[in-house]
Amino acid sequence: MAHAEGRDGSEAAGRGADVDEGVGRTALMVAAARAVEAGRPDALARDTYAEHFVRASASSADWPVHPDQVPGGDADPLWGRLGRFFALRTRVFDDFLLDRAAAATRQAVILGAGLDSRAYRLAWPPGCAVFEIDRAQVLAFKRTVLDALGAVPPVQRHALAADMRHAWIERLIAAGFDPGAPTSWVAEGLLPYLPPTAERALIDTVVAHSAAGSALAYEVKHPEKPAADAADYPLHTVVRERIGVDLSALFNREPRPDSAAGLTARGWTTTVRTPFDFTREYGRGPLPQNNDTLAANRWIFASAPAGH
């Protein structure tokens, strides 16, 4: 099918410095994990674009992008265990989007899209539109890399620059989003970085602009440890020391809202799962460990009520 790709005026070509630092740097970390996963014979997801993002940034150019480059393989806590967690999450949210598309949902919105390339790599049915929202610097870096590869999405892709802590729905509607049509919403690896007020506002916005047949998949963290002790997680220490990403500092430390309960109270059908549930379902991925930051992660799937 013919494709169209929206350009926000602030999505200038070039590398944004924010991609190399802070939360933007975590997008490179996830891209490296996806690249390594793509080289596994039992890959949960294959993102062939991921290694190009990693190599295009000076801050990650020497990170592994293939299993052969990971000493210790799956036993490595960073590119093994945490990497397989990111791969598992990618697969789960991929399946959510493809299942919804197979059920005739032709509109998808990816909130905090980062360096994922779903608009390019998934087997979308004809007639789909994918809206990606993230900061301008991330989208500019992403576009530069994909344009250099000559990548063409098989869908109508609209890349919208916005800070997810602030209003974004008006820009989404201006880009062609139809609030009256069923929508698949995804917030993968986004909400743990947002203040509670921004999480509530995001959920409120999704609910207010979801027609019947819409669904939302998102990730939250509800750690058992006090926020002040989060830096003690062994996995956080490994990530901080090896690639300079301080997850314990990046995650918002304020008490988290129970967004799943809020959706249920509004008539949405919600299911709360752990990553370990899907490890057992798919037969690969991380399993629980002692003092494990991944034990706090929850993946929530919610469907709008009929006649919403």
# chains A, B, ... in the order shown; residues from 1 in each chain; ligands from 1
>>> closest_atom_pairs(of="stretch 135-189 of chain A", to="stretch 30-47 of chain A", cutoff="12 Å", atoms="only C-alpha atoms", output="CSV")
residue,atom,partner,partner_atom,distance
A:Lys142,CA,A:Ala31,CA,11.2
A:Glu188,CA,A:Val30,CA,11.1
A:Gly189,CA,A:Val30,CA,9.7
>>> residues_around(residues="stretch 97-110 of chain A", least_positions_apart="5", cutoff="10 Å", atoms="only C-alpha atoms", output="number ranges by chain")
A: 91-92, 116, 118-119, 122-134, 155-159, 172, 177-179, 181-188, 206, 213-217
>>> closest_residue(among="A:Leu78, A:Ile169, A:Ala304, A:Ala113", to="A:Pro234", atoms="only C-alpha atoms")
A:Leu78
>>> select_by_dssp(residues="stretch 113-303 of chain A", states="alpha helix (DSSP H)", output="VMD selection string")
chain A and resid 118 to 121 136 to 148 169 to 174 196 to 208 234 to 243 247 to 250 259 to 265 275 to 282
>>> closest_residue(among="A:Trp63, A:Tyr233, A:Tyr193, A:Trp268", to="A:Ala212", atoms="only C-alpha atoms")
A:Trp268
>>> closest_residue(among="A:Gly180, A:Glu170, A:Gly262, A:Leu88", to="A:Leu287", atoms="only C-alpha atoms")
A:Leu88
>>> select_by_dssp(residues="stretch 133-228 of chain A", states="strand (DSSP E)", output="compact mmCIF listing (two decimals) with N, CA, C and O atoms, in the first residue's frame")
# COMPACT_ATOMS: atom_id res chain seq x y z
N ILE A 133 4.47 8.95 19.25
CA ILE A 133 4.68 10.20 19.98
C ILE A 133 5.90 10.06 20.87
O ILE A 133 6.04 9.10 21.62
N ASP A 134 6.81 11.00 20.76
CA ASP A 134 7.98 11.06 21.63
C ASP A 134 8.58 12.45 21.51
O ASP A 134 8.07 13.30 20.75
N GLN A 156 0.58 3.98 7.12
CA GLN A 156 0.65 5.43 7.29
C GLN A 156 1.26 5.69 8.66
O GLN A 156 0.66 5.37 9.68
N ARG A 157 2.46 6.25 8.67
CA ARG A 157 3.16 6.50 9.94
C ARG A 157 3.18 8.00 10.19
O ARG A 157 3.56 8.78 9.32
N HIS A 158 2.79 8.39 11.38
CA HIS A 158 2.79 9.79 11.77
C HIS A 158 3.66 9.94 13.01
O HIS A 158 3.33 9.38 14.06
N ALA A 159 4.76 10.66 12.91
CA ALA A 159 5.67 10.87 14.03
C ALA A 159 5.41 12.25 14.61
O ALA A 159 5.56 13.26 13.92
N LEU A 160 5.01 12.29 15.88
CA LEU A 160 4.58 13.54 16.51
C LEU A 160 5.48 13.86 17.70
O LEU A 160 5.61 13.05 18.62
N ALA A 161 6.08 15.03 17.69
CA ALA A 161 6.95 15.44 18.78
C ALA A 161 6.12 16.04 19.92
O ALA A 161 5.35 16.98 19.71
N SER A 184 -5.80 1.11 19.18
CA SER A 184 -4.90 0.35 20.04
C SER A 184 -3.86 1.32 20.60
O SER A 184 -3.10 1.91 19.84
N TRP A 185 -3.87 1.48 21.90
CA TRP A 185 -2.93 2.38 22.57
C TRP A 185 -1.83 1.55 23.25
O TRP A 185 -2.14 0.54 23.89
N VAL A 186 -0.59 1.98 23.13
CA VAL A 186 0.52 1.30 23.79
C VAL A 186 1.38 2.33 24.52
O VAL A 186 1.75 3.36 23.94
N ALA A 187 1.68 2.05 25.78
CA ALA A 187 2.63 2.85 26.55
C ALA A 187 3.63 1.86 27.15
O ALA A 187 3.48 1.39 28.27
N ALA A 215 -8.48 -0.42 22.94
CA ALA A 215 -7.78 -1.16 23.99
C ALA A 215 -6.45 -0.47 24.29
O ALA A 215 -5.88 0.21 23.44
N LEU A 216 -5.98 -0.67 25.50
CA LEU A 216 -4.75 -0.04 25.99
C LEU A 216 -3.86 -1.09 26.62
O LEU A 216 -4.32 -1.90 27.43
N ALA A 217 -2.58 -1.09 26.27
CA ALA A 217 -1.57 -1.94 26.91
C ALA A 217 -0.48 -1.04 27.44
O ALA A 217 0.04 -0.19 26.71
N TYR A 218 -0.11 -1.22 28.70
CA TYR A 218 0.91 -0.35 29.27
C TYR A 218 1.65 -1.06 30.41
O TYR A 218 1.20 -2.09 30.92
N GLU A 219 2.79 -0.47 30.76
CA GLU A 219 3.64 -1.02 31.81
C GLU A 219 3.70 -0.06 32.99
O GLU A 219 3.80 1.17 32.81
N VAL A 220 3.66 -0.62 34.19
CA VAL A 220 3.87 0.17 35.41
C VAL A 220 4.86 -0.59 36.29
O VAL A 220 5.14 -1.77 36.09
N LYS A 221 5.38 0.14 37.28
CA LYS A 221 6.21 -0.48 38.31
C LYS A 221 5.63 -0.16 39.67
O LYS A 221 5.34 1.01 39.96
>>> atom_distance(atom1="atom CA of A:Thr269", atom2="atom CA of A:Ala167")
25.8 Å
>>> atom_distance(atom1="atom CA of A:Ser248", atom2="atom CA of A:Asp163")
21.0 Å
>>> residues_around(residues="A:His236", least_positions_apart="2", cutoff="8 Å", atoms="only C-alpha atoms", output="list in words")
Ala230, Ala231, Asp232, Tyr233, Pro234, Val238, Val239, Arg240, Asp246, Leu247, Ser248 and Thr293 of chain A
>>> closest_residue(among="A:Phe86, A:Tyr120, A:Phe141, A:Phe276", to="A:Arg55", atoms="only C-alpha atoms")
A:Phe141
